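Structure, as structure tokens:
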Amino acid sequence: MAFSAEDAKTASAVWEKIYADVEDNGAVVLSRMFKENPHTVSYFKNFTQLQSVAETTSAAEIAALAEVRAHGKKVFSALNDLVSHLTNVDSLKGTVAPLAKQHATELKVDVKDFRIIFENLLDLIGEKQDTDAKEAFKKVTDLIYERIKAAY
């Protein structure tokens, strides 16, 4: 699936608004993942603050943790890079491949957990923007998820 120039322009505009608050929005997406899918906390054994409070605290409190905020920013920066390659399938594949390989082999992340992050991201887009923005960006997350699965 390739993106048309118009699809890419729309998706980029949606993303730009979310990425403008990269640290807060990245932390929100991750904190929701941790609360709604507790098994994902196990991927972050080196996050000592998260490990000590994940079961007993709220998503908002998790989002305030420095390690969650830093990693949320890292995740969103990677997504920002992927969004910039939407109209070039080969470039997108080349950008996704090392990310997928690291998560599959080194970090042992189940590929399905990328879908969780993307669903939380889409929910946030719907809250901060609107349903049209959420639907427009779903095309992006679907494409990236398919590329990640193919590279796993």
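Residues in the structure tokens are numbered from 1 in each chain, the chains being A, B, ... in the order shown, and ligands are numbered from 1 in the order shown.
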
Set the distance at 12 Å and use only C-alpha atoms: which residues neighbour Glu36 of chain A once local chain neighbours fewer than 2 positions away are removed? I'd like the list as a list in words.
Val28, Val29, Leu30, Ser31, Arg32, Met33, Phe34, Pro38, His39, Thr40, Val41, Ala54, Glu55, Ser58, Ala59, Asp113, Ile116, Ile117, Glu119 and Asn120 of chain A

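Close contacts of Asp142 of chain A, defined as residues with an atom at most 12 Å away when counting only C-alpha atoms, with chain neighbours fewer than 2 positions off set aside, comprise Met1, Ala2, Phe3, Leu86, Phe114, Arg115, Ile116, Ile117, Phe118, Glu119, Leu122, Lys134, Glu135, Ala136, Phe137, Lys138, Lys139, Val140, Ile144, Tyr145, Glu146, Arg147, Ile148 and Lys149 of chain A.
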
Written file, previous selection with C-alpha atoms, as a JSON list (two decimals), in the first residue's frame:
```
[["chain", "number", "residue", "atom", "x", "y", "z"],
["A", 1, "MET", "CA", 0.00, 0.00, 0.00],
["A", 2, "ALA", "CA", 1.49, 3.29, -1.08],
["A", 3, "PHE", "CA", 0.33, 6.64, 0.07],
["A", 86, "LEU", "CA", 5.06, 7.59, 3.67],
["A", 114, "PHE", "CA", 2.80, -2.51, 18.16],
["A", 115, "ARG", "CA", -0.92, -2.61, 17.37],
["A", 116, "ILE", "CA", -1.62, -1.67, 21.02],
["A", 117, "ILE", "CA", 0.59, 1.40, 20.77],
["A", 118, "PHE", "CA", -1.04, 2.39, 17.50],
["A", 119, "GLU", "CA", -4.56, 1.97, 18.92],
["A", 122, "LEU", "CA", -5.30, 6.76, 17.38],
["A", 134, "LYS", "CA", -8.16, 9.63, 13.59],
["A", 135, "GLU", "CA", -9.37, 7.88, 10.42],
["A", 136, "ALA", "CA", -6.78, 9.64, 8.27],
["A", 137, "PHE", "CA", -3.98, 8.60, 10.59],
["A", 138, "LYS", "CA", -5.28, 5.02, 10.85],
["A", 139, "LYS", "CA", -4.06, 4.57, 7.28],
["A", 140, "VAL", "CA", -0.58, 5.45, 8.54],
["A", 144, "ILE", "CA", 3.50, 0.95, 9.38],
["A", 145, "TYR", "CA", 2.15, -2.06, 11.26],
["A", 146, "GLU", "CA", 2.09, -4.13, 8.05],
["A", 147, "ARG", "CA", 5.67, -3.10, 7.29],
["A", 148, "ILE", "CA", 6.77, -4.01, 10.82],
["A", 149, "LYS", "CA", 5.04, -7.41, 10.61]]
```

Using Å and a single decimal, report how far atom CA of Tyr152 of chain A sits from atom CA of Arg69 of chain A.
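About the pair atom CA of Arg69 of chain A and atom CA of Tyr152 of chain A: they are 26.5 Å apart.
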
In Å, rounded to a single decimal, give me how far atom CA of Ala66 of chain A is from atom CA of Phe47 of chain A.
9.6 Å

Identify, on the basis of only C-alpha atoms, every residue whose closest approach to segment 7-15 of chain A does not exceed 12 Å; exclude the query and any residue fewer than 2 positions from it along the same chain; express the result as a PyMOL selection string.
chain A and resi 1-5+17-22+25+76-77+79-88+121-122+124-126+128-141+143

Output N, CA and C atoms of each residue in that selection to a file, as a short mmCIF file (atom, residue, chain, number, x, y, z; two decimals), in the first residue's frame.
```
data_model
loop_
_atom_site.label_atom_id
_atom_site.label_comp_id
_atom_site.auth_asym_id
_atom_site.auth_seq_id
_atom_site.Cartn_x
_atom_site.Cartn_y
_atom_site.Cartn_z
N MET A 1 0.84 -1.17 0.00
CA MET A 1 0.00 0.00 0.00
C MET A 1 0.89 1.25 0.00
N ALA A 2 0.74 2.03 -1.02
CA ALA A 2 1.49 3.29 -1.08
C ALA A 2 0.54 4.42 -0.74
N PHE A 3 1.11 5.47 -0.28
CA PHE A 3 0.33 6.64 0.07
C PHE A 3 0.34 7.62 -1.08
N SER A 4 -0.81 8.18 -1.37
CA SER A 4 -0.86 9.25 -2.36
C SER A 4 -0.28 10.50 -1.71
N ALA A 5 0.05 11.46 -2.53
CA ALA A 5 0.57 12.72 -2.01
C ALA A 5 -0.46 13.38 -1.11
N LYS A 17 0.38 18.03 14.56
CA LYS A 17 -0.31 18.54 15.75
C LYS A 17 -0.03 17.67 16.98
N ILE A 18 0.06 16.38 16.79
CA ILE A 18 0.34 15.47 17.90
C ILE A 18 1.81 15.56 18.29
N TYR A 19 2.67 15.62 17.30
CA TYR A 19 4.12 15.66 17.55
C TYR A 19 4.56 16.97 18.19
N ALA A 20 3.75 18.00 18.05
CA ALA A 20 4.09 19.30 18.63
C ALA A 20 4.25 19.21 20.15
N ASP A 21 3.58 18.24 20.76
CA ASP A 21 3.69 18.02 22.20
C ASP A 21 4.22 16.60 22.42
N VAL A 22 5.37 16.34 21.82
CA VAL A 22 5.92 15.00 21.73
C VAL A 22 6.09 14.32 23.09
N ASN A 25 2.46 13.71 24.82
CA ASN A 25 1.65 12.77 24.06
C ASN A 25 2.28 11.39 24.00
N PHE A 76 7.88 8.42 19.72
CA PHE A 76 7.29 9.41 18.82
C PHE A 76 8.33 9.94 17.82
N SER A 77 9.58 10.04 18.21
CA SER A 77 10.62 10.46 17.27
C SER A 77 10.79 9.42 16.16
N LEU A 79 8.42 7.37 15.15
CA LEU A 79 7.22 7.52 14.31
C LEU A 79 7.33 8.74 13.40
N ASN A 80 7.90 9.80 13.91
CA ASN A 80 8.08 11.01 13.11
C ASN A 80 8.94 10.70 11.89
N ASP A 81 9.97 9.91 12.10
CA ASP A 81 10.84 9.50 10.99
C ASP A 81 10.06 8.66 9.99
N LEU A 82 9.24 7.74 10.47
CA LEU A 82 8.45 6.88 9.58
C LEU A 82 7.44 7.70 8.78
N VAL A 83 6.79 8.64 9.43
CA VAL A 83 5.80 9.48 8.75
C VAL A 83 6.44 10.25 7.60
N SER A 84 7.69 10.62 7.75
CA SER A 84 8.35 11.37 6.69
C SER A 84 8.63 10.53 5.44
N HIS A 85 8.45 9.20 5.53
CA HIS A 85 8.73 8.30 4.40
C HIS A 85 7.46 7.68 3.80
N LEU A 86 6.31 8.23 4.09
CA LEU A 86 5.06 7.59 3.67
C LEU A 86 4.92 7.42 2.16
N THR A 87 5.41 8.35 1.38
CA THR A 87 5.20 8.27 -0.06
C THR A 87 6.28 7.48 -0.78
N ASN A 88 7.27 6.99 -0.06
CA ASN A 88 8.34 6.21 -0.66
C ASN A 88 8.42 4.86 0.04
N LEU A 121 -2.47 5.52 20.26
CA LEU A 121 -2.15 6.74 19.52
C LEU A 121 -3.39 7.24 18.78
N LEU A 122 -4.10 6.36 18.11
CA LEU A 122 -5.30 6.76 17.38
C LEU A 122 -6.37 7.31 18.32
N LEU A 124 -5.82 8.85 21.11
CA LEU A 124 -5.35 10.18 21.50
C LEU A 124 -5.60 11.21 20.39
N ILE A 125 -5.35 10.81 19.16
CA ILE A 125 -5.62 11.70 18.03
C ILE A 125 -7.11 12.04 17.98
N GLY A 126 -7.96 11.05 18.20
CA GLY A 126 -9.40 11.30 18.22
C GLY A 126 -9.80 12.26 19.32
N LYS A 128 -7.77 14.58 20.80
CA LYS A 128 -7.14 15.90 20.65
C LYS A 128 -7.55 16.60 19.35
N GLN A 129 -7.99 15.82 18.36
CA GLN A 129 -8.39 16.40 17.09
C GLN A 129 -9.84 16.00 16.82
N ASP A 130 -10.07 15.06 15.91
CA ASP A 130 -11.43 14.62 15.66
C ASP A 130 -11.42 13.25 14.98
N THR A 131 -12.60 12.74 14.69
CA THR A 131 -12.74 11.42 14.08
C THR A 131 -12.10 11.37 12.70
N ASP A 132 -12.23 12.44 11.94
CA ASP A 132 -11.62 12.47 10.61
C ASP A 132 -10.10 12.35 10.70
N ALA A 133 -9.52 13.05 11.64
CA ALA A 133 -8.07 12.99 11.83
C ALA A 133 -7.67 11.57 12.24
N LYS A 134 -8.44 10.99 13.13
CA LYS A 134 -8.16 9.63 13.59
C LYS A 134 -8.22 8.65 12.41
N GLU A 135 -9.23 8.77 11.59
CA GLU A 135 -9.37 7.88 10.42
C GLU A 135 -8.24 8.10 9.42
N ALA A 136 -7.88 9.34 9.20
CA ALA A 136 -6.78 9.64 8.27
C ALA A 136 -5.48 9.03 8.76
N PHE A 137 -5.23 9.12 10.07
CA PHE A 137 -3.98 8.60 10.59
C PHE A 137 -4.01 7.08 10.75
N LYS A 138 -5.18 6.48 10.78
CA LYS A 138 -5.28 5.02 10.85
C LYS A 138 -4.64 4.39 9.61
N LYS A 139 -4.73 5.06 8.49
CA LYS A 139 -4.06 4.57 7.28
C LYS A 139 -2.56 4.48 7.51
N VAL A 140 -2.02 5.44 8.23
CA VAL A 140 -0.58 5.45 8.54
C VAL A 140 -0.23 4.29 9.46
N THR A 141 -0.96 4.16 10.55
CA THR A 141 -0.62 3.09 11.50
C THR A 141 -0.82 1.71 10.87
N LEU A 143 -0.39 0.96 7.68
CA LEU A 143 0.74 0.76 6.78
C LEU A 143 2.01 0.43 7.56
#
```

Identify, with DSSP run on backbone atoms, the residues in segment 1-141 of chain A assigned to helix (DSSP H, G or I), and express the list as a PyMOL selection string.
chain A and resi 5-19+22-36+38-44+48-53+59-63+66-83+89-106+112-128+131-141

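Distance-wise, atom CA of Gln49 of chain A and atom CA of Ala27 of chain A end up 14.0 Å apart.
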
Option closest in space to Pro98 of chain A, from A:Ala78, A:Lys112, A:Glu16, A:Val68 [counting only C-alpha atoms]
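Among A:Ala78, A:Lys112, A:Glu16, A:Val68, it is A:Ala78 that comes nearest to Pro98 of chain A.
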